[in-house]
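Notes to accompany the following structure.
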Amino acid sequence: MIQATNDFVIKFANVNGSGSASANELFAKAILRMGVPVSPRNIFPSNIQGLPTWYEVRVSEAGHLGRRGGVDLMVAMNPQTWATDVAEIESGGYLFYDSTKPLPPSAFREDIQVIGMPLTMLCVKHYNDPRQRQLLKNVLYLGGLSTLLGIEPDVVEKLLAEQYQGKPQLAQPNIDAFRLGRQWAADNLQPIGLKVRRADNVGDRIFVDGNTAAGLGCVYGGATVCAWYPITPSTSVAEAFEKYARKFRTTAEGEKKYAIVQAEDEIASIGMVVGAGWNGSRAFTATSGPGVSLMTEFIGLAHFAEIPATIINVQRGGPSTGMPTRTQQADVLACAYASHGDTKHVLLFPEDPFEAFEQSAAALDLADRLQTPVFVMLDLDIGMNQRLCKPFAWDEQRQYDRGKVLDFEELESGRPFGRYRDVDGDGIPFRTYPGTHPKRGAFFTRGTTKNVDAGYSERGPDYLENVHRLVRKFVTARGLVPQPVVTSARQPTRVGVLFYGSTSPAMHESAQRLASEGLGIDLMRIRAYPFPESVRDFVLAHDHVFLVEQNRDAQLRTLLINEYGLNPAHIQPILHYDGTPITARFISRAIRDHLDRIADLEGRAA
Amino acid sequence: MTYLAKPKLHHPSLKPNKVGFTRRDYEGRISTLCAGCGHDSISASIIQACWELDIEPHRVAKLSGIGCSSKTPDYFLGQSHGFNTVHGRMPSVLTGAYLANSELLYMGVSGDGDSASIGIGQFVHCMRRGVNMVYIVENNGVYGLTKGQFSATADAGSKSKKGVVNTDSPIDLVSLALQLGASYVARSFSGDKTQLVPLIKAAIHHRGAAFIDVISPCVAFNNHAGSTKSYDYVREHNDSVNFLDVIEHRNPIEATQPDDGSLIEVAQHDGSVLRLRKTDPDYDPRDRIGAMNFIARHQAQGEVVTGLLYVDPDARDFHQHLGTVETPLNKLGTADLCPGGTALDKLNASLR
Ligand SMILES: Cc1ncc(C[n+]2csc(CCOP(=O)(O)OP(=O)(O)O)c2C)c(N)n1
Ligand code: SF4
Ligand SMILES: [Mg+2]
């Protein structure tokens, strides 16, 4: 049987809507409070009640937060998925199940240890209310598992007390059920090989999901208008914005320093964002792939008319409705080139909730500075799962960068104004807000071609002047966006790996594993498009370059090759796109296989 | 369309209004629309209304979609910011602009294709929300800019210039706006400035979603016999329910007021008074359901009812519904908006 302390994967198989989510989250938090890093992942259906749902928790004292793959202990609470759940357990692993109803031996496997706890029977015996029977069943298994794994009961009871703060009539039955489960397991079950032991590897890190972080980032970043339309997995961004804006931006009189509108669709959402941005408010929308598709005409208008807009895209699996509750990084090209004509947009790639916060706030600054749409490319894996990350940070001295805006005084002083003139040579023109000055600074905004003073024009030279300036502006953007992060191998190496976004923890784990096996690799985490030149230099500095992505068509690779005219043969894609988060095992194997193949070829050639 | 450049010097008779602007200051660039296009007359009415109301041009934001009608904001109020957005989506952009700054006057100009065909969804929802705006549809029953295809307001049975008869039921934007909760609803005719200018002025004074459907013949594609949006047809079938006069601030009630019920006064929230001389004894513009019935009845008889059709002087607008602060959101800075580091530390502590 598997023997492991602070390093295993446990998976809960539940029925959607059965109240298991909060018990499972409590399980993960209890281990965290014992100083042991965990990374949980919800795997859920596009449905409200009755369908299977899973919660997978990786326990890793070493701090690996990527998905590991494989399951050491399955908590099989869903008869519907029994067969596949049992089959998924690693050989030598454990199966925990509700043994109220006897199951034939054929329902089990020889190579795993089976742990039965009569949860339903215990509930029926102790509780009368059917709802209570259902909910406390989850707490009962929590109790049983805590005994088996050695989770400290005080920690769980404190968490339960926190969860039901101010509602003692709810807290006590939960604590009692937890104790009941613990006691039953202590009296009836054999110890197992998996253990949690107190450690000190969590530090001051926080445990939060990326969507909450992004919504909070928009509050800190000064967004005053949020227009959105519900879509999984982005909905909780707008909800978090509303929650924190209400908390932090309501005056003593109860008036709001923000406006949030649930629009009629994504076209209206982005239209409102564009209107607010044009009129000098920081505005954002949160959406996912299908929403981006609807927004594209407006995104082109905002690009060409040069209006700030922040779009938080929590990516899911496409195309079309695709896999609404699964993760991918497959909107890279759709966002980079959103809309007709020659359009290019700024994309940011946060790796975790810490960066989701930071980059959402940064996006609002960048959108104003560059007067253009900026995408924050989250995905379901970081957006909807709680992740251990650095605590949010904010520099008290920080002021919002509102970009190049002429105010009343500057207009009054007679400073010349031409809306699309490149005064500073960086491609970024000055703008004015409506209503600023009675005589100066008004202009007409349009998506059609205009001259440098915003007058209507269909002349070729005017068009060229404008679109060439937009290219200069995009080059300026390279220096303003978050720069890539390099992690070098201990020794000089010919192998370099590029990656971005939620791939980060799996990538770092893979690099550690490969290093321990003697293969050092240099890593570069790309944090934004347009790519700074350092990305090109990294590619050129390595003989073997990999680019790891969670989409089928190597979209970011296409973008990179296109941007710098790189040799496609020089960049080997590593692609994972079945809707589950990428794993370190997958990446390591792909790198190994490719390098072996090359060595083989070189060997044969030699 | 006129190709003559405007004289640089202002005519001495162009006296400034109370805020120091002459009528010329409310004009825009030279129109590029067809000579005789109804849309140009509407622009002239907007210019006159704003001038007479002493509105500072820079306090107006003009927004439009795409179409001949949507081009017109370039041809009036040249000292105001304008935004020619995308086809059918002006309402959302206007809504966002209005959210950003509640203090400006938002003038949305659209066409029947823009608002009733491609953009009907956005039309519907901005009326429902009570966005504080003046929303004008320059309604010619066709897509002018793409050369005369029927729009969704074309009457069933009307004939296109090419001889095609429209069989689809028409959308009546006035009835729709009433049903959706617009708090000021009027209809007029581009050729009737005496009726249209006061309607625009009253709409400007109104707080809430003000909608004016202006029949505006397209001389290039929809002004022939068989069209129900031609100058001749509208003149023959126009049934005006009232004459409107806008009084800027509440004056003492005059003793000469007739007491036969033919005069209604409606006080708006900003102190202005709408004085309506009724030409139809059955019509009360404060009765929404009655208005809907009246319009439907007359429509069935092939009549185009014009005038101030509905007004709710006590309407609340979208900012009031949202409960936002009085200071425009676009004037709030870092100190107003950012909760700061201490709050963040506390929040971090709650996430452990
Ligand atoms: C998405 C999109 N589809 C089609 C068009 C082409 N188009 C331009 S104007 C117009 C119709 C305008 O009709 P209306 O709003 O009635 O304005 P009018 O020209 O009659 O004043 C169309 C279909 C467009 N600009 N954008
Ligand atoms: S085509 Fe029709 S709507 Fe367009 S400018 Fe000419 S007359 Fe006016
Ligand atoms: Mg039209």
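Identifiers in the structure tokens: chain A, B, ... in order shown; residue index from 1 per chain; ligand index from 1 in order shown.
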
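Close contacts of Ala528 of chain A, defined as residues with an atom at most 10 Å away when counting only C-alpha atoms, with chain neighbours fewer than 3 positions off set aside, comprise Val346, Leu347, Leu348, Phe349, Pro350, Gln359, Phe375, Val376, Met377, Ala477, Arg478, Leu480, Val481, Pro482, Gln483, Pro484, Tyr500, Gly501, Arg525, Phe531 and Pro532 of chain A.
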
Write a file of the just-selected residues containing N, CA, C and O atoms, as a JSON list (two decimals), in the first residue's frame.
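Okay, part-v5.json is ready:
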```json
[["chain", "number", "residue", "atom", "x", "y", "z"],
["A", 346, "VAL", "N", -3.32, 44.29, -26.40],
["A", 346, "VAL", "CA", -2.44, 43.94, -25.29],
["A", 346, "VAL", "C", -3.08, 42.82, -24.47],
["A", 346, "VAL", "O", -4.26, 42.88, -24.13],
["A", 347, "LEU", "N", -2.29, 41.77, -24.18],
["A", 347, "LEU", "CA", -2.77, 40.67, -23.34],
["A", 347, "LEU", "C", -1.84, 40.52, -22.13],
["A", 347, "LEU", "O", -0.63, 40.62, -22.27],
["A", 348, "LEU", "N", -2.42, 40.28, -20.97],
["A", 348, "LEU", "CA", -1.63, 39.99, -19.77],
["A", 348, "LEU", "C", -1.95, 38.57, -19.33],
["A", 348, "LEU", "O", -3.07, 38.11, -19.46],
["A", 349, "PHE", "N", -0.92, 37.88, -18.81],
["A", 349, "PHE", "CA", -1.09, 36.47, -18.43],
["A", 349, "PHE", "C", -0.74, 36.25, -16.97],
["A", 349, "PHE", "O", 0.41, 35.92, -16.65],
["A", 350, "PRO", "N", -1.70, 36.40, -16.06],
["A", 350, "PRO", "CA", -1.39, 36.16, -14.65],
["A", 350, "PRO", "C", -1.17, 34.67, -14.38],
["A", 350, "PRO", "O", -1.82, 33.82, -14.99],
["A", 359, "GLN", "N", -2.36, 42.30, -11.91],
["A", 359, "GLN", "CA", -2.48, 42.62, -13.33],
["A", 359, "GLN", "C", -3.83, 43.22, -13.69],
["A", 359, "GLN", "O", -3.95, 43.95, -14.67],
["A", 375, "PHE", "N", -6.51, 42.99, -22.33],
["A", 375, "PHE", "CA", -7.11, 41.74, -21.84],
["A", 375, "PHE", "C", -6.30, 41.18, -20.67],
["A", 375, "PHE", "O", -5.08, 41.14, -20.73],
["A", 376, "VAL", "N", -7.00, 40.74, -19.64],
["A", 376, "VAL", "CA", -6.35, 39.96, -18.59],
["A", 376, "VAL", "C", -6.78, 38.51, -18.83],
["A", 376, "VAL", "O", -7.95, 38.17, -18.71],
["A", 377, "MET", "N", -5.81, 37.67, -19.21],
["A", 377, "MET", "CA", -6.12, 36.31, -19.66],
["A", 377, "MET", "C", -6.03, 35.31, -18.51],
["A", 377, "MET", "O", -5.06, 34.59, -18.36],
["A", 477, "ALA", "N", 4.18, 49.77, -26.13],
["A", 477, "ALA", "CA", 3.53, 48.90, -25.14],
["A", 477, "ALA", "C", 4.48, 47.81, -24.63],
["A", 477, "ALA", "O", 4.41, 47.42, -23.47],
["A", 478, "ARG", "N", 5.38, 47.34, -25.50],
["A", 478, "ARG", "CA", 6.32, 46.29, -25.09],
["A", 478, "ARG", "C", 7.09, 46.66, -23.83],
["A", 478, "ARG", "O", 7.39, 45.80, -23.00],
["A", 480, "LEU", "N", 6.00, 48.75, -21.52],
["A", 480, "LEU", "CA", 5.12, 49.11, -20.40],
["A", 480, "LEU", "C", 4.48, 47.91, -19.74],
["A", 480, "LEU", "O", 4.07, 47.96, -18.58],
["A", 481, "VAL", "N", 4.35, 46.83, -20.48],
["A", 481, "VAL", "CA", 3.65, 45.64, -19.95],
["A", 481, "VAL", "C", 4.55, 44.90, -18.96],
["A", 481, "VAL", "O", 5.76, 45.11, -18.94],
["A", 482, "PRO", "N", 3.97, 44.02, -18.12],
["A", 482, "PRO", "CA", 4.80, 43.23, -17.21],
["A", 482, "PRO", "C", 5.84, 42.43, -18.00],
["A", 482, "PRO", "O", 5.50, 41.76, -18.99],
["A", 483, "GLN", "N", 7.09, 42.51, -17.58],
["A", 483, "GLN", "CA", 8.18, 41.86, -18.31],
["A", 483, "GLN", "C", 8.27, 40.37, -17.93],
["A", 483, "GLN", "O", 7.81, 39.98, -16.85],
["A", 484, "PRO", "N", 8.87, 39.57, -18.81],
["A", 484, "PRO", "CA", 8.94, 38.12, -18.52],
["A", 484, "PRO", "C", 9.81, 37.84, -17.30],
["A", 484, "PRO", "O", 10.68, 38.64, -16.95],
["A", 500, "TYR", "N", 3.36, 30.25, -19.81],
["A", 500, "TYR", "CA", 2.64, 31.43, -19.33],
["A", 500, "TYR", "C", 1.39, 31.00, -18.55],
["A", 500, "TYR", "O", 0.91, 29.89, -18.69],
["A", 501, "GLY", "N", 0.90, 31.92, -17.74],
["A", 501, "GLY", "CA", -0.38, 31.74, -17.06],
["A", 501, "GLY", "C", -0.40, 30.57, -16.11],
["A", 501, "GLY", "O", 0.58, 30.28, -15.41],
["A", 525, "ARG", "N", 8.94, 32.80, -18.10],
["A", 525, "ARG", "CA", 7.48, 32.93, -18.01],
["A", 525, "ARG", "C", 7.06, 34.22, -18.68],
["A", 525, "ARG", "O", 7.42, 35.32, -18.23],
["A", 531, "PHE", "N", 5.15, 40.96, -26.94],
["A", 531, "PHE", "CA", 6.30, 40.38, -26.27],
["A", 531, "PHE", "C", 7.47, 41.34, -26.27],
["A", 531, "PHE", "O", 7.87, 41.83, -27.33],
["A", 532, "PRO", "N", 8.05, 41.57, -25.11],
["A", 532, "PRO", "CA", 9.29, 42.36, -25.09],
["A", 532, "PRO", "C", 10.38, 41.63, -25.88],
["A", 532, "PRO", "O", 10.31, 40.41, -26.07]]
```

Residues of chain A within 8 Å of chain B, only C-alpha atoms counted, as JSON, numbers by chain: {"A": [33, 204, 205, 206, 207, 208, 219, 220, 221, 222, 224, 225, 248, 249, 254, 255, 256, 257, 258, 259, 264, 267, 268, 269, 271, 272, 273, 274, 275, 276, 277, 278, 279, 280, 281, 282, 297, 298, 301, 391, 392, 393, 394, 395, 396, 399, 400, 434, 435, 436, 437, 438, 439, 440, 442, 443, 444, 445, 446, 447]}

Just asking: which residues within segment 174-333 of chain B are strand (DSSP E or B) according to DSSP, as number ranges by chain? B: 184-189, 209-215, 218, 222, 238-240, 242-247, 263-267, 273-278, 304-311, 324

Give me, as a PDB file with all heavy atoms, in the first residue's frame, the set of residues whose atoms come within 7 Å of any atom of ligand 2, counting only C-alpha atoms and all ligand atoms.
```pdb
ATOM      1  N   LEU B  33     -25.286  65.032 -46.414  1.00  0.00           N
ATOM      2  CA  LEU B  33     -26.471  64.244 -46.767  1.00  0.00           C
ATOM      3  C   LEU B  33     -27.109  64.783 -48.052  1.00  0.00           C
ATOM      4  O   LEU B  33     -26.786  65.878 -48.522  1.00  0.00           O
ATOM      5  CB  LEU B  33     -27.483  64.286 -45.618  1.00  0.00           C
ATOM      6  CG  LEU B  33     -26.974  63.776 -44.257  1.00  0.00           C
ATOM      7  CD1 LEU B  33     -28.099  63.796 -43.229  1.00  0.00           C
ATOM      8  CD2 LEU B  33     -26.402  62.369 -44.367  1.00  0.00           C
ATOM      9  N   CYS B  34     -28.041  64.022 -48.623  1.00  0.00           N
ATOM     10  CA  CYS B  34     -28.706  64.450 -49.858  1.00  0.00           C
ATOM     11  C   CYS B  34     -29.513  65.731 -49.591  1.00  0.00           C
ATOM     12  O   CYS B  34     -30.099  65.876 -48.511  1.00  0.00           O
ATOM     13  CB  CYS B  34     -29.697  63.393 -50.354  1.00  0.00           C
ATOM     14  SG  CYS B  34     -28.998  61.761 -50.575  1.00  0.00           S
ATOM     15  N   GLY B  36     -32.437  67.951 -49.194  1.00  0.00           N
ATOM     16  CA  GLY B  36     -33.840  67.627 -48.931  1.00  0.00           C
ATOM     17  C   GLY B  36     -34.028  66.482 -47.980  1.00  0.00           C
ATOM     18  O   GLY B  36     -35.154  66.145 -47.604  1.00  0.00           O
ATOM     19  N   CYS B  37     -32.947  65.874 -47.540  1.00  0.00           N
ATOM     20  CA  CYS B  37     -33.043  64.760 -46.581  1.00  0.00           C
ATOM     21  C   CYS B  37     -33.658  65.272 -45.281  1.00  0.00           C
ATOM     22  O   CYS B  37     -33.242  66.311 -44.754  1.00  0.00           O
ATOM     23  CB  CYS B  37     -31.660  64.192 -46.313  1.00  0.00           C
ATOM     24  SG  CYS B  37     -31.658  62.956 -44.995  1.00  0.00           S
ATOM     25  N   GLY B  38     -34.642  64.547 -44.772  1.00  0.00           N
ATOM     26  CA  GLY B  38     -35.301  64.955 -43.531  1.00  0.00           C
ATOM     27  C   GLY B  38     -34.329  65.104 -42.372  1.00  0.00           C
ATOM     28  O   GLY B  38     -34.525  65.938 -41.483  1.00  0.00           O
ATOM     29  N   HIS B  39     -33.273  64.308 -42.379  1.00  0.00           N
ATOM     30  CA  HIS B  39     -32.343  64.312 -41.248  1.00  0.00           C
ATOM     31  C   HIS B  39     -31.741  65.697 -40.997  1.00  0.00           C
ATOM     32  O   HIS B  39     -31.513  66.085 -39.847  1.00  0.00           O
ATOM     33  CB  HIS B  39     -31.205  63.313 -41.474  1.00  0.00           C
ATOM     34  CG  HIS B  39     -31.641  61.886 -41.655  1.00  0.00           C
ATOM     35  ND1 HIS B  39     -32.917  61.441 -41.392  1.00  0.00           N
ATOM     36  CD2 HIS B  39     -30.947  60.781 -42.068  1.00  0.00           C
ATOM     37  CE1 HIS B  39     -32.984  60.135 -41.637  1.00  0.00           C
ATOM     38  NE2 HIS B  39     -31.798  59.721 -42.055  1.00  0.00           N
ATOM     39  N   CYS B  68     -27.051  57.115 -42.347  1.00  0.00           N
ATOM     40  CA  CYS B  68     -27.081  58.541 -42.701  1.00  0.00           C
ATOM     41  C   CYS B  68     -27.463  59.349 -41.467  1.00  0.00           C
ATOM     42  O   CYS B  68     -26.854  60.367 -41.144  1.00  0.00           O
ATOM     43  CB  CYS B  68     -28.098  58.794 -43.807  1.00  0.00           C
ATOM     44  SG  CYS B  68     -27.688  57.982 -45.359  1.00  0.00           S
ATOM     45  N   SER B  69     -28.507  58.884 -40.765  1.00  0.00           N
ATOM     46  CA  SER B  69     -28.971  59.571 -39.563  1.00  0.00           C
ATOM     47  C   SER B  69     -27.862  59.664 -38.521  1.00  0.00           C
ATOM     48  O   SER B  69     -27.690  60.679 -37.854  1.00  0.00           O
ATOM     49  CB  SER B  69     -30.162  58.814 -38.983  1.00  0.00           C
ATOM     50  OG  SER B  69     -29.992  57.419 -39.152  1.00  0.00           O
ATOM     51  N   ASN B 140     -36.978  56.847 -41.359  1.00  0.00           N
ATOM     52  CA  ASN B 140     -37.377  56.957 -42.762  1.00  0.00           C
ATOM     53  C   ASN B 140     -37.857  55.634 -43.351  1.00  0.00           C
ATOM     54  O   ASN B 140     -38.133  55.534 -44.545  1.00  0.00           O
ATOM     55  CB  ASN B 140     -36.234  57.547 -43.616  1.00  0.00           C
ATOM     56  CG  ASN B 140     -34.941  56.774 -43.436  1.00  0.00           C
ATOM     57  OD1 ASN B 140     -34.961  55.641 -42.936  1.00  0.00           O
ATOM     58  ND2 ASN B 140     -33.824  57.361 -43.841  1.00  0.00           N
ATOM     59  N   GLY B 144     -31.042  54.129 -45.426  1.00  0.00           N
ATOM     60  CA  GLY B 144     -30.583  55.101 -46.412  1.00  0.00           C
ATOM     61  C   GLY B 144     -29.174  54.794 -46.881  1.00  0.00           C
ATOM     62  O   GLY B 144     -28.912  54.637 -48.072  1.00  0.00           O
ATOM     63  N   LEU B 145     -28.279  54.651 -45.935  1.00  0.00           N
ATOM     64  CA  LEU B 145     -26.848  54.568 -46.269  1.00  0.00           C
ATOM     65  C   LEU B 145     -26.490  53.347 -47.115  1.00  0.00           C
ATOM     66  O   LEU B 145     -25.533  53.378 -47.883  1.00  0.00           O
ATOM     67  CB  LEU B 145     -26.007  54.592 -44.986  1.00  0.00           C
ATOM     68  CG  LEU B 145     -24.512  54.856 -45.148  1.00  0.00           C
ATOM     69  CD1 LEU B 145     -24.239  56.176 -45.847  1.00  0.00           C
ATOM     70  CD2 LEU B 145     -23.808  54.851 -43.792  1.00  0.00           C
ATOM     71  N   LYS B 147     -28.556  52.111 -49.316  1.00  0.00           N
ATOM     72  CA  LYS B 147     -29.291  52.315 -50.563  1.00  0.00           C
ATOM     73  C   LYS B 147     -30.687  51.703 -50.604  1.00  0.00           C
ATOM     74  O   LYS B 147     -31.072  51.043 -51.568  1.00  0.00           O
ATOM     75  CB  LYS B 147     -28.466  51.858 -51.776  1.00  0.00           C
ATOM     76  CG  LYS B 147     -27.167  52.648 -51.916  1.00  0.00           C
ATOM     77  CD  LYS B 147     -26.515  52.393 -53.262  1.00  0.00           C
ATOM     78  CE  LYS B 147     -25.205  53.103 -53.416  1.00  0.00           C
ATOM     79  NZ  LYS B 147     -25.267  54.568 -53.340  1.00  0.00           N
ATOM     80  N   PRO B 217     -38.338  61.777 -43.951  1.00  0.00           N
ATOM     81  CA  PRO B 217     -38.300  61.152 -45.273  1.00  0.00           C
ATOM     82  C   PRO B 217     -36.914  61.080 -45.904  1.00  0.00           C
ATOM     83  O   PRO B 217     -36.123  62.008 -45.795  1.00  0.00           O
ATOM     84  CB  PRO B 217     -39.223  62.043 -46.096  1.00  0.00           C
ATOM     85  CG  PRO B 217     -40.162  62.624 -45.088  1.00  0.00           C
ATOM     86  CD  PRO B 217     -39.335  62.850 -43.868  1.00  0.00           C
ATOM     87  N   CYS B 218     -36.664  59.944 -46.531  1.00  0.00           N
ATOM     88  CA  CYS B 218     -35.431  59.756 -47.296  1.00  0.00           C
ATOM     89  C   CYS B 218     -35.761  60.107 -48.739  1.00  0.00           C
ATOM     90  O   CYS B 218     -36.484  59.364 -49.417  1.00  0.00           O
ATOM     91  CB  CYS B 218     -34.981  58.296 -47.196  1.00  0.00           C
ATOM     92  SG  CYS B 218     -33.666  57.838 -48.343  1.00  0.00           S
ATOM     93  N   VAL B 219     -35.258  61.237 -49.204  1.00  0.00           N
ATOM     94  CA  VAL B 219     -35.630  61.680 -50.550  1.00  0.00           C
ATOM     95  C   VAL B 219     -35.018  60.791 -51.622  1.00  0.00           C
ATOM     96  O   VAL B 219     -35.536  60.693 -52.729  1.00  0.00           O
ATOM     97  CB  VAL B 219     -35.244  63.158 -50.802  1.00  0.00           C
ATOM     98  CG1 VAL B 219     -36.115  64.081 -49.971  1.00  0.00           C
ATOM     99  CG2 VAL B 219     -33.777  63.408 -50.514  1.00  0.00           C
ATOM    100  N   ALA B 220     -33.936  60.117 -51.277  1.00  0.00           N
ATOM    101  CA  ALA B 220     -33.289  59.281 -52.281  1.00  0.00           C
ATOM    102  C   ALA B 220     -33.996  57.940 -52.458  1.00  0.00           C
ATOM    103  O   ALA B 220     -34.109  57.431 -53.565  1.00  0.00           O
ATOM    104  CB  ALA B 220     -31.819  59.057 -51.900  1.00  0.00           C
ATOM    105  N   PHE B 221     -34.523  57.371 -51.374  1.00  0.00           N
ATOM    106  CA  PHE B 221     -35.042  56.008 -51.482  1.00  0.00           C
ATOM    107  C   PHE B 221     -36.452  55.775 -50.954  1.00  0.00           C
ATOM    108  O   PHE B 221     -36.976  54.680 -51.079  1.00  0.00           O
ATOM    109  CB  PHE B 221     -34.082  55.032 -50.771  1.00  0.00           C
ATOM    110  CG  PHE B 221     -32.705  55.036 -51.328  1.00  0.00           C
ATOM    111  CD1 PHE B 221     -31.653  55.575 -50.610  1.00  0.00           C
ATOM    112  CD2 PHE B 221     -32.455  54.525 -52.593  1.00  0.00           C
ATOM    113  CE1 PHE B 221     -30.376  55.583 -51.129  1.00  0.00           C
ATOM    114  CE2 PHE B 221     -31.183  54.540 -53.130  1.00  0.00           C
ATOM    115  CZ  PHE B 221     -30.133  55.078 -52.400  1.00  0.00           C
TER     116      PHE B 221
END
```

Within 9 Å of ligand 3, which residues show up when you count only C-alpha atoms and all ligand atoms? List them as a ChimeraX atom specification, please. /B:67-69,110-114,137-145,148-151,153,216-218

Write to file, as a CSV table (one decimal), in the first residue's frame, the residues of the selection just made, with N, CA, C and O atoms.
```
chain,number,residue,atom,x,y,z
B,67,GLY,N,-25.3,55.0,-40.0
B,67,GLY,CA,-26.3,55.2,-41.0
B,67,GLY,C,-26.2,56.7,-41.4
B,67,GLY,O,-25.5,57.5,-40.8
B,68,CYS,N,-27.1,57.1,-42.3
B,68,CYS,CA,-27.1,58.5,-42.7
B,68,CYS,C,-27.5,59.3,-41.5
B,68,CYS,O,-26.9,60.4,-41.1
B,69,SER,N,-28.5,58.9,-40.8
B,69,SER,CA,-29.0,59.6,-39.6
B,69,SER,C,-27.9,59.7,-38.5
B,69,SER,O,-27.7,60.7,-37.9
B,110,SER,N,-30.1,58.2,-33.8
B,110,SER,CA,-30.1,56.9,-34.5
B,110,SER,C,-31.0,56.9,-35.6
B,110,SER,O,-31.8,57.8,-35.8
B,111,GLY,N,-31.0,55.8,-36.4
B,111,GLY,CA,-31.9,55.6,-37.5
B,111,GLY,C,-32.8,54.4,-37.2
B,111,GLY,O,-32.7,53.8,-36.2
B,112,ASP,N,-33.8,54.2,-38.0
B,112,ASP,CA,-34.8,53.2,-37.8
B,112,ASP,C,-34.1,51.8,-38.0
B,112,ASP,O,-34.4,50.8,-37.4
B,113,GLY,N,-33.2,51.7,-39.0
B,113,GLY,CA,-32.4,50.5,-39.1
B,113,GLY,C,-31.6,50.3,-37.9
B,113,GLY,O,-31.5,49.2,-37.3
B,114,ASP,N,-30.9,51.3,-37.5
B,114,ASP,CA,-30.0,51.3,-36.4
B,114,ASP,C,-30.7,50.9,-35.1
B,114,ASP,O,-30.2,50.0,-34.3
B,137,VAL,N,-34.8,59.0,-32.9
B,137,VAL,CA,-34.7,58.1,-34.1
B,137,VAL,C,-35.2,58.9,-35.3
B,137,VAL,O,-36.3,59.4,-35.3
B,138,GLU,N,-34.3,59.0,-36.3
B,138,GLU,CA,-34.7,59.7,-37.5
B,138,GLU,C,-35.2,58.6,-38.5
B,138,GLU,O,-34.4,57.9,-39.1
B,139,ASN,N,-36.5,58.5,-38.5
B,139,ASN,CA,-37.2,57.3,-39.0
B,139,ASN,C,-37.7,57.5,-40.4
B,139,ASN,O,-38.6,58.3,-40.7
B,140,ASN,N,-37.0,56.8,-41.4
B,140,ASN,CA,-37.4,57.0,-42.8
B,140,ASN,C,-37.9,55.6,-43.4
B,140,ASN,O,-38.1,55.5,-44.5
B,141,GLY,N,-37.9,54.6,-42.5
B,141,GLY,CA,-38.5,53.3,-43.0
B,141,GLY,C,-37.5,52.5,-43.9
B,141,GLY,O,-37.9,51.5,-44.3
B,142,VAL,N,-36.4,53.1,-44.1
B,142,VAL,CA,-35.4,52.4,-45.0
B,142,VAL,C,-34.0,52.5,-44.4
B,142,VAL,O,-33.7,53.3,-43.5
B,143,TYR,N,-33.1,51.7,-45.0
B,143,TYR,CA,-31.7,51.9,-44.7
B,143,TYR,C,-31.2,52.9,-45.8
B,143,TYR,O,-31.0,52.5,-46.9
B,144,GLY,N,-31.0,54.1,-45.4
B,144,GLY,CA,-30.6,55.1,-46.4
B,144,GLY,C,-29.2,54.8,-46.9
B,144,GLY,O,-28.9,54.6,-48.1
B,145,LEU,N,-28.3,54.7,-45.9
B,145,LEU,CA,-26.8,54.6,-46.3
B,145,LEU,C,-26.5,53.3,-47.1
B,145,LEU,O,-25.5,53.4,-47.9
B,148,GLY,N,-31.4,51.9,-49.5
B,148,GLY,CA,-32.9,51.8,-49.7
B,148,GLY,C,-33.5,50.5,-49.3
B,148,GLY,O,-34.7,50.3,-49.7
B,149,GLN,N,-32.9,49.5,-48.7
B,149,GLN,CA,-33.6,48.3,-48.2
B,149,GLN,C,-34.6,48.7,-47.1
B,149,GLN,O,-34.4,49.7,-46.4
B,150,PHE,N,-35.6,47.9,-47.0
B,150,PHE,CA,-36.6,48.2,-46.0
B,150,PHE,C,-36.0,48.0,-44.6
B,150,PHE,O,-35.1,47.1,-44.3
B,151,SER,N,-36.4,48.9,-43.7
B,151,SER,CA,-36.0,48.7,-42.3
B,151,SER,C,-37.2,48.1,-41.5
B,151,SER,O,-38.3,47.9,-42.1
B,153,THR,N,-39.1,49.4,-39.4
B,153,THR,CA,-40.3,50.3,-39.2
B,153,THR,C,-41.1,50.5,-40.4
B,153,THR,O,-42.1,51.2,-40.4
B,216,SER,N,-38.8,61.0,-40.9
B,216,SER,CA,-37.8,61.8,-41.6
B,216,SER,C,-37.6,61.3,-43.0
B,216,SER,O,-36.7,60.4,-43.2
B,217,PRO,N,-38.3,61.8,-44.0
B,217,PRO,CA,-38.3,61.2,-45.3
B,217,PRO,C,-36.9,61.1,-45.9
B,217,PRO,O,-36.1,62.0,-45.8
B,218,CYS,N,-36.7,59.9,-46.5
B,218,CYS,CA,-35.4,59.8,-47.3
B,218,CYS,C,-35.8,60.1,-48.7
B,218,CYS,O,-36.5,59.4,-49.4
```

Residue with smallest distance to ligand 1 - pool A:Ile43, A:Arg316, A:Gly143, A:Gly300, counting only C-alpha atoms and all ligand atoms: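 Of all the options, A:Gly300 lies closest to ligand 1.
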